[in-house]
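Participant: First the structure, then my questions, so here it is.
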Amino acid sequence: MGEPATDPVLEMTGIRKVFPGVVALDGVDFRLYPGEVHALMGENGAGKSTLIKVLTGVYEIDGGDIRLGGEQVRIAGPLAAQKAGISTVYQEVNLCTNLTVAENIFIGREPRAFGKIRWGVMRKRAAELLKRLDLDLDVSAPLSTYSLAIQQMVAIARAVDISARVLILDEPTSSLDASEVEQLFRVMRRLKDDGVAILFVSHFLDQIYEISDRLTVLRNGQLIGEYRTAELPQVQLVEKMIGKELATLESLEDKAQRSRTRSATAAPILQAKGIGRTGAIAPFDLTIHEGEVVGLAGLLGSGRTELARLLFGADKADQGELSIDGKPVTLRDPQMAMKRGIAFSSENRRTEGIIGDLSVRENIILALQAARGWTRPIPRRKQDEIVDKYVKALSIRPADPERPVRNLSGGNQQKVLLARWLITEPRLLIIDEPTRGIDVGAKAEIQKLVAELSDGGMAVLFVSAELEEVLRLSHKIAVLRDRRLVEELDNTAGVDADRIMQTIASGATS
Amino acid sequence: GGGGDSGSGGGKDDGKLVLGFSQVGAESGWRTANTKSIQDAAAAAGYELKFSDAQGKQEKQIEAIRSFITQKVDVIAFSPVVTSGWDSVLKDAKDAGIPVILTDRAVDSQDKSLYKTFLGSDFVKEGKEAGDWLVKQNEGKTDPVNVVELQGTVGAAPAIDRQKGFAEAIKANPNIKIVKSQSGNFTRAEGKTVMEGILQSTPDIDVLYAHNDDMGLGAIEAIEAAGKKPGKDIQIITVDAVKDGMQALADGKINFIVECSPLLGPQLMDLAKKVKAGETVDPRILTEETTFTQEQAKAALPDRKY
Amino acid sequence: MTIVKNRLFWPVAILVALLIVNLFTSNQFITLQDGHLFGALIDILRGSAPLILVALGMTLVISTGGIDLSVGSVMAISGAVACLLIKDLGDQNATGSVLLIMGVAIAVSAALGLWNGSLVAVVGIQPIIATLILMVAGRGLAQLVTDGQIINVQSSPYATVATGFFLTLPVAFLIAMAAVALILVLTRRTALGLLLESVGGSPSASRLAGIRAKRITVMVYVVSGAFAGLAGLIYSANIKSADSIAAGNLIELDAILAVVIGGTALIGGRFSIAGTVVGAILIQTLQVTVVSIGVPSKATLLFKAVVVVVLCLSQSATFREKVFGRFKLRSEVPA
Amino acid sequence: MTVMSPQPVTTDPAINPRRRVYRPNTKYIPILATLALLLVMYLGGLVNYENFDQPSVVVNLFRDNAVLLAVAVGMTFVILTGGIDLSVGAVISLTTTLTATLLQGGWPPLLVLPLVLILGALLGAGMGAVIHYFRVEPFIATLAGLFLARGLALFINQESIPIRDELWTTLSDMRIPLGETTKTTLTAIVALVAVLIAAAVLAWTRFGRNVYAIGGSADSALLMGLPVARTRIAVYTISGFCAALGGVLYTINSTSGHALQGTGTELDAIASCVIGGVLLTGGAGYVFGSLLGVMVFGLITTIINFQGDLNAAWTRIVVGVLLFGFIVLQRLVTRRTR
Ligand SMILES: Nc1ncnc2c1ncn2[C@@H]1O[C@H](COP(=O)(O)OP(=O)(O)OP(=O)(O)O)[C@@H](O)[C@H]1O
Ligand SMILES: Nc1ncnc2c1ncn2[C@@H]1O[C@H](COP(=O)(O)OP(=O)(O)OP(=O)(O)O)[C@@H](O)[C@H]1O
Ligand SMILES: [Mg+2]
Ligand SMILES: [Mg+2]
């Protein structure tokens with residue numbers, strides 16, 4: 001395969017990494033050249049994140065060696081990696097949410113004078129840096145006050161600002177919307193021109209083809225091959241990733257043909273009138289009917305998550321009325337919503353989703369068990385049955401339900417969360433970024449699943465940063481802007497991404 | 001001395017003597033009786049008592065004494081938690097012109113002018129009396145006498161001194177040997193568990209010497225549970241003479257108790273009045289204490305108050 | 001649960017080692033006498049009952065990410081209440097009344113647990129401070145109840161709780177084992193265990209999964225209080241008196257240590273009841289061993305330090321990895 | 001793809017675009033609330049007790065709690081990383097015993113002083129290393145440290161040992177005048193200086209910020225390339241040093257050493273930090289908060305001393321009630337503003 005004329009800045013050969021019971025990497029070779037964007041591709045659990053963690057010294061390798069600038073190195077840990085010129089954004093946002101935005105960007109390399117941190121300078125620089133990424137944040141606010149997507153941008157800002165030879169981005173775009181992605185790509189191109197080598201992981205094929213020069217495909221911890229992106233058609237890439245011909249991709253197209261008009265007789269499940277929460281989202285009206293998929297569209301921080309949380313009682317609304325099945329209710333906590341058949345899967349799977357210590361099985365049955373109350377345990381046989389079914393249906397890997405969920409790859413954790421809510425058989429399923437970090441195959445499966453569920457009468461509130469996905473699935477799309485529901489439109493023939501973007505831009509009111 | 005300051009508070013104008021008393025803590029029934037005696041005696045004498053409980057901590061006691069100085073009391077009295085480390089705060093009291101009386105335990109200050117007098121017991125002497133009794137019991141005998149010692153809290157002054165005095169007393173008799181010496185923390189429950197353990201591992205015990213009644217009473221339970229007769233199979237010597245201990249002594253379960261009286265109240269009030277008036281008092285006043293055998297206990301028991 | 005087994009391997013090994021020491025130092029390690037078992041081992045089992053009980057409650061509290069410092073004071077209150085009531089009984093040997101009184105004492109303790117739980121879950125005070133309040137004030141209450149004196153009782157049914165034997169085994173140990181069984185059933189036969197571990201593992205995720213964390217939190221403090229109360233009864237029945245000053249003094253430290261030795265992390269989440277029991281018996285055995293091998297009292301703490309250091313190293317995965325040469329994981333970071 | 005301006009303009013001031021969502025920046029509110037409540041408590045004392053208005057009441061607050069303050073400073077570092085140090089009280093006892101014994105044995109004071117301080121720091125460093133490298137729970141590692149330190153102290157000398165060394169007695173007798181009638185001691189000044197240094201280190205140095213980062217999330221801190229090992233060992237070293245410093249202040253304060261001194265100080269120190277708003281889970285709080293926490297305890301004791309008619313039982317109950325009132329009020333005030 002054609003490689004650039006220069007020598008690789010980074011070369012990994014025969015990398016092997018074994019976790020108890022899993023060979024995560026088995027003799028993987030990987031090369032990264034200066035001035036290229038190199039995509040690392042593979043299904044969920046293929047070993048991408050593990051390769052990155054091995055490279056940055058988070059995990060000790062069990063075999064193989066790493067060369068940096070031609071010299072063999074043993075990287076002892078992230079600190080050493082950073083010193084060696086490798087700057088990384090890990091898959092799950094790994095920042096300290098108790099610190100301010102500015103600190104998260106600069107911690108470990110704060111501007112100092114005589115050992116004393118120059119806070120003012122730091123804040124100013126942070127603000128400037130974020131402005132370049134088109135973010136206008138209060139840099140002295142704790143990071144925890146911002147949404148996950150913004151935290152992801154902050155992590156990127158930090159990594160980008162560490163002037164490095166190698167920049168690693170593990171699924172940085174998983175919850176970013178189109179404009180943020182574009183922003184990020186602009187920065188990446190600039191760095192690339194400066195000769196930085198960039199390792200990029202994403203499950204969005206469009207993004208891969210837009211930004212990457214070359215790509216390496218992993219499958220089940222093994223190297224499949226290294227290719228020039230331009231020379232490898234998309235279908236072939238997917239086939240290499242999943243190791244078989246992709247039938248689901250076609251079925252994906254079928255879905256486009258799905259009737260997007262819900263039956264007129266369907267009864268409303270949930271009606272919100274003037275529901276709002278000060279500082280989070282302005283009062284809004286929204287009705288969701290049986291079998292209806294309602295998509296939420298909007299930019300980063302537009303309030304989609306807030307809206308969804310109010311309908312689940314995760315946050316308390318401080319005004320307005322909510323009725324479920326025509327009966328008014330005040331949702332004080334999630335349990336009340338669950339009792340009325342509502343389920344909610346949070347976008348923030350690490351802190352609001354999985355319980356890392358618990359096994360896959362326990363994580364899956366958790367919500368169902370909570371709904372039944374502690375006195376009525378689900379019999380173990382039934383648990384195994386349910387869990388088995390969903391592990392297969394969502395192809396959760398490794399298919400060992402007794403493994404602690406924290407050891408699963410990011411995408412597989414997301415599938416576990418989906419399974420958790422699906423088994424409660426809700427009447428209204430609220431899913432916030434359900435396909436975040438999920439590979440192409442599984443994503444198609446999940447979309448198919450949503451469509452099926454809705455055909456079976458389940459209502460779905462679908463929140464996603466990926467507009468195409470929202471358009472493909474929804475009967476009705478609610479558009480948010482600046483924490484305000486600005487328009488509600490039926491997903492008819494005339495509605496497309498441009499139309500929605502226009503609404504967002506112009507701020508038309510309903 | 002005299003309360004010197006012109007700016008003393010209005011409350012004292014009625015001429016009522018204000019006594020600040022800092023107690024060690026409430027670590028035992030003995031101590032509670034001691035506290036009660038002082039509170040009652042103050043009330044009876046018509047003095048205003050400022051009482052502070054140090055919870056066994058020297059720093060709290062120092063804090064309390066300083067607070068008494070700030071509050072401008074007439075006399076300060078306290079039972080020192082430990083022997084050393086009082087010079088600084090006593091100097092503060094002296095500078096403020098407030099006389100100090102030590103109760104119950106002595107301090108090792110070199111500057112004797114820092115306090116007026118010491119009222120209390122001599123722990124070493126208590127240990128010695130316990131030892132003397134044992135020696136006397138075995139006078140002329142040469143059979144080995146195996147003694148088990150239940151010590152008080154490790155590092156606490158009464159524990160150290162009672163051990164010292166006892167060891168000194170039996171020193172001259174090589175046949176009397178301490179075979180096991182363990183801390184029972186001055187409590188009944190630990191006295192019992194420790195004794196259980198000792199009974200399990202030590203085949204031949206003739207005498208038990210416990211640093212206080214409570215540990216002795218706990219040990220009695222353990223001895224009975226092991227099928228032995230306390231007071232007969234194993235002779236028991238304790239210190240304190242609280243009511244429960246005296247009862248056991250009268251019942252023949254304990255053989256000898258060295259009294260350590262907590263009833264210092266009346267004597268203390270008397271001394272307080274004297275030092276306030278500037279009279280000179282003896283630098284060391286020992287409380288009236290005695291020892292009890294089983295017969296004496298039977299006689300004394302009916303009017304035992306604590 | 002191979003991991004739990006691994007975690008418990010060393011504590012159990014040390015426990016066995018200490019027991020072997022006692023086997024040699026004691027006249028009778030275990031024998032049958034007067035129709036019941038007797039000997040050093042039985043003393044250990046009997047003596048460990050209060051600690052097992054307190055540590056059980058503590059395990060549940062810790063699994064939710066909390067801590068209960070007030071157990072010692074609750075023990076003191078429970079014993080004081082029981083002895084005070086028994087002393088006033090016309091016939092101190094009336095089994096029915098004594099049982100009733102013990103029920104009252106446990107109810108009072110549970111109520112104190114409710115107080116702790118409410119402060120933590122409803123008012124939202126950090127557990128260490130919330131329970132510190134009762135730790136300080138509770139002992140004052142106990143002293144108030146007993147007027148600072150030791151209250152003696154002469155009730156044989158009461159004494160049986162601590163010193164009696166049933167089916168050749170000490171009643172106190174049987175009570176502790178019954179409590180262990182109860183907790184095992186409660187946590188492993190119902191879904192309580194899962195919900196506890198989930199709340200301790202991630203409160204925010206648990207809430208969104210629909211778990212009513214507050215109720216569960218209050219409940220574990222109530223259980224902890226009730227068990228501490230029961231432990232207080234055994235403590236006081238053992239010496240046939242209520243010692244409001246010494247009862248349960250510093251037991252919270254031993255209980256937490258037992259829990260940690262047993263493999264439950266202080267940050268909450270996964271817990272092991274079996275581990276806690278091993279931990280509690282280990283601590284009690286250590287206490288007894290100090291006496292039986294006659295460690296001089298001034299060296300007692302050093303001796304304990306050595307054992308805890310050995311334990312503490314054996315708890316370490318890194319240390320065990322060296323011993324077993326198992327998998328190498330430099331830093332365990334969630335994927 | 002980007003067809004529109006990514007920066008929409010908003011006119012509604014209540015709803016900021018892309019702004020932080022829920023909470024205003026409330027980081028100082030807990031501390032201010034604590035301070036306010038502390039003042040209320042002081043005023044309560046003023047109204048109720050004669051002689052409470054004397055400046056020495058406030059001055060003695062620092063003087064009497066100098067040891068606890070020094071220890072709480074070190075404890076703040078440890079708790080901020082999400083750890084705990086149970087060994088501090090025992091380190092105090094070891095320090096006082098060793099100091100007194102060595103001075104009694106005629107060692108030069110200027111050698112003894114650094115020696116015991118270094119010993120405390122080393123002990124802390126050892127525990128930190130065990131905690132970090134062997135991943136032992138801080139609770140159990142420092143509990144072992146507690147047994148070890150107090151065990152050593154008791155082994156060295158069980159008795160209360162007077163210090164007659166000239167340097168120590170001079171330092172002990174030293175009075176620093178504040179105004180006309182009030183004087184304070186060296187120990188109070190040293191403790192306050194320790195607070196100031198700690199505050200500066202935590203707020204203005206890289207090390208200080210790393211402490212907060214580790215408390216926020218040790219995993220993240222590691223992945224962000226922060227020196228987690230070094231920092232974690234350092235906080236336990238600092239805590240050990242501060243405890244030893246507390247021990248030295250103790251010997252200066254009382255010119256004696258005793259193996260039972262400092263019993264229970266660990267709990268007081270932890271409680272002070274937590275009352276001062278330091279989160280036990282790590283990552284949030286200030287050393288000034290810990291200072292206020294110490295003052296809360298000190299003031300409660302002062303009030304009880306002035307009350308002067310409480311026996312042991314009532315003393316405990318009143319401490320509990322005051323603590324309860326304080327904490328619940330503190331909680332209500334901070335929750336209201338959140
Ligand atoms: N700490 C760990 N302990 C045990 N197994 C692990 C651990 N981390 C990862 N694994 C396993 O290693 C394999 C590779 O995981 P990895 O996170 O590298 O996948 P990935 O390619 O990044 O997937 P995704 O696209 O879902 O992020 C998975 O089977 C996972 O379960
Ligand atoms: N006090 C809080 N409690 C719970 N969650 C909070 C709190 N403060 C902030 N958050 C989190 O911050 C997020 C704010 O989301 P935002 O307003 O950016 O919503 P969004 O429109 O869904 O945008 P995004 O695409 O960034 O998710 C929420 O998802 C929520 O999880
Ligand atoms: Mg990954
Ligand atoms: Mg969102």
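Labeling convention for the structure tokens: chains A, B, ... as they appear, residues from 1 per chain, ligands from 1 in order of appearance.
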Can you tell me which residues surround segment 68-71 of chain D at a distance of at most 6 Å, considering only C-alpha atoms, apart from same-chain residues fewer than 6 positions away, and format the answer as a short mmCIF file (atom, residue, chain, number, x, y, z; two decimals) with N, CA and C atoms, in the first residue's frame?

Facilitator:
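Saved result, out-v9.cif, follows:
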```cif
data_model
loop_
_atom_site.label_atom_id
_atom_site.label_comp_id
_atom_site.auth_asym_id
_atom_site.auth_seq_id
_atom_site.Cartn_x
_atom_site.Cartn_y
_atom_site.Cartn_z
N ALA D 191 0.43 27.75 63.55
CA ALA D 191 -0.72 27.07 62.94
C ALA D 191 -1.37 27.94 61.89
N CYS D 242 2.30 17.59 58.76
CA CYS D 242 1.44 18.47 59.56
C CYS D 242 1.11 17.84 60.91
N ALA D 243 0.90 16.53 60.91
CA ALA D 243 0.63 15.85 62.17
C ALA D 243 1.84 15.95 63.09
N GLY D 246 1.95 19.28 64.37
CA GLY D 246 0.98 19.35 65.46
C GLY D 246 1.57 18.80 66.74
#
```

Participant: What's around segment 202-204 of chain C at 6 Å? Count only C-alpha atoms, leave out sequence neighbours fewer than 3 positions away in its own chain, and write the answer as a list in words.

Facilitator: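 So, after excluding close chain neighbours, the residues are Glu352 and Ile355 of chain A; Val199 and Arg207 of chain C.
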
Participant: At a cut-off of 9 Å, list the chain A residues touching chain C, using only C-alpha atoms, as a VMD selection string.

Facilitator: chain A and resid 18 to 20 49 to 50 57 to 62 77 91 to 92 312 314 333 to 338 343 to 346 349 to 358 362 to 363 366 to 371 373 to 378 406 to 410 420 to 421

Participant: Mind checking which residues fall within 8 Å of segment 139-151 of chain D, counting only C-alpha atoms, ignoring those fewer than 6 positions away in the same chain, and posting them as a PyMOL selection string?

Facilitator: (chain C and resi 257+260+298-302+304-306+308-309+312) or (chain D and resi 83-91+93-94+123+127+130-131+259-260)

Participant: I want to know what sits within 7 Å of segment 74-84 of chain B, based on only C-alpha atoms, with residues of the same chain fewer than 5 positions away left out; could you give that as a PyMOL selection string?

Facilitator: (chain B and resi 3+17-24+56-58+98-109+157+272+276) or (chain D and resi 160-162+256)

Participant: Step by step, measure atom-to-atom distances between ligand 2 and each residue using only C-alpha atoms and all ligand atoms, keep those at most 9 Å, then write them as a PyMOL selection string.

Facilitator: (chain A and resi 144-151+175-177+280-281+296-309+314-315+346-348+352+432-433+463-465+480-483) or (chain C and resi 204) or (chain D and resi 18-23)

Participant: Just write the chosen residues, N, CA and C atoms, as a short mmCIF file (atom, residue, chain, number, x, y, z; two decimals), in the first residue's frame.

Facilitator:
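Writing the result to out.cif gives the following:
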```cif
data_model
loop_
_atom_site.label_atom_id
_atom_site.label_comp_id
_atom_site.auth_asym_id
_atom_site.auth_seq_id
_atom_site.Cartn_x
_atom_site.Cartn_y
_atom_site.Cartn_z
N SER A 144 -18.74 20.85 35.23
CA SER A 144 -19.94 20.03 35.45
C SER A 144 -21.21 20.76 35.04
N THR A 145 -21.15 22.08 34.91
CA THR A 145 -22.37 22.79 34.56
C THR A 145 -22.64 22.75 33.05
N TYR A 146 -21.73 22.14 32.30
CA TYR A 146 -21.95 22.08 30.85
C TYR A 146 -22.35 20.67 30.42
N SER A 147 -23.00 20.64 29.28
CA SER A 147 -23.47 19.35 28.78
C SER A 147 -22.29 18.52 28.29
N LEU A 148 -22.58 17.25 28.11
CA LEU A 148 -21.54 16.31 27.72
C LEU A 148 -20.86 16.74 26.43
N ALA A 149 -21.67 17.20 25.48
CA ALA A 149 -21.11 17.57 24.18
C ALA A 149 -20.11 18.69 24.34
N ILE A 150 -20.45 19.63 25.19
CA ILE A 150 -19.53 20.75 25.38
C ILE A 150 -18.28 20.27 26.11
N GLN A 151 -18.47 19.36 27.04
CA GLN A 151 -17.30 18.80 27.71
C GLN A 151 -16.39 18.13 26.69
N SER A 175 -20.95 12.92 20.12
CA SER A 175 -22.19 13.65 20.41
C SER A 175 -22.13 15.09 19.89
N LEU A 176 -21.27 15.31 18.93
CA LEU A 176 -21.21 16.67 18.36
C LEU A 176 -22.16 16.77 17.18
N ASP A 177 -22.68 17.96 16.97
CA ASP A 177 -23.52 18.11 15.79
C ASP A 177 -22.68 18.62 14.62
N ALA A 280 -33.08 26.27 32.35
CA ALA A 280 -32.81 25.07 31.58
C ALA A 280 -33.55 25.07 30.25
N ILE A 281 -34.85 25.23 30.32
CA ILE A 281 -35.61 25.27 29.08
C ILE A 281 -36.88 26.09 29.26
N LEU A 296 -36.04 15.09 18.24
CA LEU A 296 -35.67 16.42 18.72
C LEU A 296 -34.44 16.86 17.95
N ALA A 297 -34.54 18.01 17.32
CA ALA A 297 -33.40 18.52 16.57
C ALA A 297 -32.97 19.85 17.16
N GLY A 298 -31.70 20.11 17.08
CA GLY A 298 -31.21 21.38 17.59
C GLY A 298 -29.71 21.33 17.69
N LEU A 299 -29.14 22.47 17.94
CA LEU A 299 -27.68 22.51 18.03
C LEU A 299 -27.23 22.07 19.42
N LEU A 300 -25.94 22.00 19.51
CA LEU A 300 -25.33 21.71 20.81
C LEU A 300 -25.86 22.68 21.87
N GLY A 301 -26.33 22.11 22.96
CA GLY A 301 -26.75 22.98 24.05
C GLY A 301 -28.06 23.69 23.80
N SER A 302 -28.82 23.21 22.84
CA SER A 302 -30.07 23.91 22.53
C SER A 302 -31.18 23.51 23.50
N GLY A 303 -30.93 22.51 24.30
CA GLY A 303 -31.91 22.17 25.32
C GLY A 303 -32.66 20.88 25.08
N ARG A 304 -32.16 20.08 24.15
CA ARG A 304 -32.84 18.82 23.87
C ARG A 304 -32.81 17.91 25.09
N THR A 305 -31.62 17.80 25.66
CA THR A 305 -31.48 16.94 26.83
C THR A 305 -32.36 17.42 27.97
N GLU A 306 -32.39 18.72 28.17
CA GLU A 306 -33.21 19.27 29.25
C GLU A 306 -34.67 18.94 29.05
N LEU A 307 -35.12 19.10 27.81
CA LEU A 307 -36.52 18.80 27.51
C LEU A 307 -36.82 17.35 27.86
N ALA A 308 -35.94 16.48 27.40
CA ALA A 308 -36.16 15.06 27.63
C ALA A 308 -36.18 14.75 29.13
N ARG A 309 -35.27 15.38 29.86
CA ARG A 309 -35.19 15.10 31.31
C ARG A 309 -36.46 15.52 32.05
N ALA A 314 -36.56 13.50 35.59
CA ALA A 314 -35.18 13.50 36.06
C ALA A 314 -34.84 14.86 36.65
N ASP A 315 -35.37 15.89 36.05
CA ASP A 315 -35.36 17.22 36.65
C ASP A 315 -36.83 17.60 36.87
N SER A 346 -30.05 8.05 29.29
CA SER A 346 -29.32 9.32 29.28
C SER A 346 -28.20 9.31 28.26
N GLU A 347 -27.84 10.53 27.82
CA GLU A 347 -26.74 10.63 26.86
C GLU A 347 -25.40 10.37 27.55
N ASN A 348 -25.36 10.59 28.86
CA ASN A 348 -24.10 10.52 29.57
C ASN A 348 -23.95 9.14 30.19
N GLU A 352 -24.29 8.69 34.15
CA GLU A 352 -25.73 8.58 34.40
C GLU A 352 -26.31 7.31 33.82
N ASP A 432 -31.80 9.50 24.58
CA ASP A 432 -30.93 10.64 24.31
C ASP A 432 -29.63 10.11 23.73
N GLU A 433 -29.36 10.42 22.52
CA GLU A 433 -28.15 9.96 21.83
C GLU A 433 -27.96 8.45 21.97
N VAL A 463 -33.66 11.59 20.56
CA VAL A 463 -32.78 12.75 20.57
C VAL A 463 -31.44 12.33 19.98
N SER A 464 -31.01 13.05 18.98
CA SER A 464 -29.72 12.69 18.39
C SER A 464 -29.09 13.91 17.75
N ALA A 465 -27.78 13.94 17.84
CA ALA A 465 -27.07 15.04 17.20
C ALA A 465 -26.98 14.81 15.69
N LEU A 480 -35.38 22.71 18.41
CA LEU A 480 -35.06 23.56 19.55
C LEU A 480 -33.96 24.54 19.20
N ARG A 481 -34.05 25.68 19.83
CA ARG A 481 -33.03 26.68 19.66
C ARG A 481 -32.93 27.48 20.93
N ASP A 482 -31.74 27.68 21.40
CA ASP A 482 -31.54 28.49 22.61
C ASP A 482 -32.48 28.10 23.73
N ARG A 483 -32.58 26.83 23.98
CA ARG A 483 -33.38 26.33 25.09
C ARG A 483 -34.85 26.70 24.95
N SER C 204 -26.23 8.70 40.81
CA SER C 204 -26.98 9.42 39.77
C SER C 204 -27.54 8.44 38.75
N ARG D 18 -25.95 28.51 25.09
CA ARG D 18 -24.77 27.70 25.32
C ARG D 18 -24.09 28.03 26.63
N ARG D 19 -24.85 28.48 27.55
CA ARG D 19 -24.27 28.83 28.83
C ARG D 19 -24.42 27.65 29.76
N ARG D 20 -23.67 27.70 30.80
CA ARG D 20 -23.85 26.67 31.81
C ARG D 20 -25.30 26.70 32.25
N VAL D 21 -25.75 25.56 32.66
CA VAL D 21 -27.18 25.40 32.74
C VAL D 21 -27.76 25.69 34.11
N TYR D 22 -27.41 24.84 35.07
CA TYR D 22 -28.21 24.83 36.29
C TYR D 22 -27.77 25.82 37.35
N ARG D 23 -26.52 25.70 37.74
CA ARG D 23 -26.15 26.41 38.96
C ARG D 23 -25.36 27.66 38.63
#
```

Participant: Give me the residues within 10 Å of Val145 of chain C as a PyMOL selection string, counting only C-alpha atoms and dropping any in the same chain fewer than 4 places off.

Facilitator: (chain C and resi 76-77+80-81+83-84+139-141+149+151+242+244) or (chain D and resi 313)

Participant: Write the selection just made, keeping C-alpha atoms, as an mmCIF file, in the first residue's frame?

Facilitator:
```
data_model
loop_
_atom_site.group_PDB
_atom_site.id
_atom_site.type_symbol
_atom_site.label_atom_id
_atom_site.label_comp_id
_atom_site.auth_asym_id
_atom_site.auth_seq_id
_atom_site.Cartn_x
_atom_site.Cartn_y
_atom_site.Cartn_z
ATOM 1 C CA ALA C 76 -24.476 1.878 74.856
ATOM 2 C CA ILE C 77 -28.001 3.259 74.681
ATOM 3 C CA ALA C 80 -28.641 1.054 79.148
ATOM 4 C CA VAL C 81 -32.309 1.011 78.215
ATOM 5 C CA CYS C 83 -30.778 -2.890 81.956
ATOM 6 C CA LEU C 84 -32.737 0.038 83.295
ATOM 7 C CA ARG C 139 -23.160 8.384 74.532
ATOM 8 C CA GLY C 140 -24.287 11.375 76.549
ATOM 9 C CA LEU C 141 -27.835 10.048 76.374
ATOM 10 C CA GLN C 149 -23.047 4.512 86.872
ATOM 11 C CA ILE C 151 -26.381 -0.670 86.245
ATOM 12 C CA ALA C 242 -24.968 -1.614 81.448
ATOM 13 C CA SER C 244 -22.672 3.363 79.215
ATOM 14 C CA ALA D 313 -23.352 13.381 79.865
#
```

Participant: Using only C-alpha atoms, which chain D residues lie at most 6 Å away from chain B, written as a list in words?

Facilitator: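 Taking only C-alpha atoms into account, Asn51, Asp64, Gln158, Glu159, Ser160, Pro162, Ser254, Thr255, Ser256, Asn305, Gly308, Asp309 and Ala312 of chain D sit within 6 Å of chain B.
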
Participant: DSSP on the backbone: what in segment 182-291 of chain B comes out helix (DSSP H, G or I), as number ranges by chain?

Facilitator: B: 188-201, 213-225, 243-250, 265-276

Participant: Which parts of segment 167-291 of chain C does DSSP call strand (DSSP E or B) when run on the backbone here, written out as a tab-separated table (two decimals) with N, CA, C and O atoms, in the first residue's frame?

Facilitator:
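Full text of out-v3.tsv as output:
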```
chain	number	residue	atom	x	y	z
C	169	LEU	N	-23.91	-24.85	71.03
C	169	LEU	CA	-23.21	-23.64	70.56
C	169	LEU	C	-23.61	-22.42	71.37
C	169	LEU	O	-24.72	-22.36	71.89
C	170	PRO	N	-22.72	-21.43	71.46
C	170	PRO	CA	-23.06	-20.22	72.22
C	170	PRO	C	-24.22	-19.47	71.57
C	170	PRO	O	-24.25	-19.30	70.35
C	241	SER	N	-24.56	-6.13	83.07
C	241	SER	CA	-24.70	-4.76	83.52
C	241	SER	C	-24.58	-3.82	82.33
C	241	SER	O	-24.10	-4.21	81.27
C	242	ALA	N	-25.06	-2.61	82.52
C	242	ALA	CA	-24.97	-1.61	81.45
C	242	ALA	C	-23.84	-0.65	81.77
C	242	ALA	O	-23.87	0.03	82.79
```

Participant: Within 6 Å of chain D, which residues of chain A are there when counting only C-alpha atoms? Please give them as a list in words.

Facilitator: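 Every residue meeting the condition is included here: Pro78, Leu79, Asn94, Leu95, Cys96, Asn98, Gly108, Lys116, Ile117, Thr145, Tyr146, Ser179, Gly279, Ala280, Gly301, Asp482 and Ala505 of chain A.
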
Participant: Set the cut-off to 9 Å and count only C-alpha atoms: what are the residues of chain B that reach chain C? Output as number ranges by chain.

Facilitator: B: 26-33, 151, 154-155, 180-183, 186-189, 192-203, 217-218, 221, 225, 244, 306

Participant: For segment 169-207 of chain B against segment 131-141 of chain B, with a cut-off of 12 Å and counting only C-alpha atoms, what is the closest atom pair and its distance in Å to one decimal for every residue that makes the cut, ordered by chain and number, as JSON lines?

Facilitator:
```
{"residue": "B:Ala169", "atom": "CA", "partner": "B:Gly131", "partner_atom": "CA", "distance": 5.0}
{"residue": "B:Ile170", "atom": "CA", "partner": "B:Gly131", "partner_atom": "CA", "distance": 5.8}
{"residue": "B:Lys171", "atom": "CA", "partner": "B:Gly131", "partner_atom": "CA", "distance": 9.2}
{"residue": "B:Ala172", "atom": "CA", "partner": "B:Val135", "partner_atom": "CA", "distance": 9.0}
{"residue": "B:Asn173", "atom": "CA", "partner": "B:Val135", "partner_atom": "CA", "distance": 7.4}
{"residue": "B:Pro174", "atom": "CA", "partner": "B:Val135", "partner_atom": "CA", "distance": 10.6}
{"residue": "B:Asn175", "atom": "CA", "partner": "B:Lys141", "partner_atom": "CA", "distance": 8.4}
{"residue": "B:Ile176", "atom": "CA", "partner": "B:Val135", "partner_atom": "CA", "distance": 8.0}
{"residue": "B:Lys177", "atom": "CA", "partner": "B:Val135", "partner_atom": "CA", "distance": 11.2}
{"residue": "B:Ile178", "atom": "CA", "partner": "B:Gly131", "partner_atom": "CA", "distance": 11.4}
{"residue": "B:Asp206", "atom": "CA", "partner": "B:Leu134", "partner_atom": "CA", "distance": 10.9}
{"residue": "B:Val207", "atom": "CA", "partner": "B:Leu134", "partner_atom": "CA", "distance": 8.7}
```
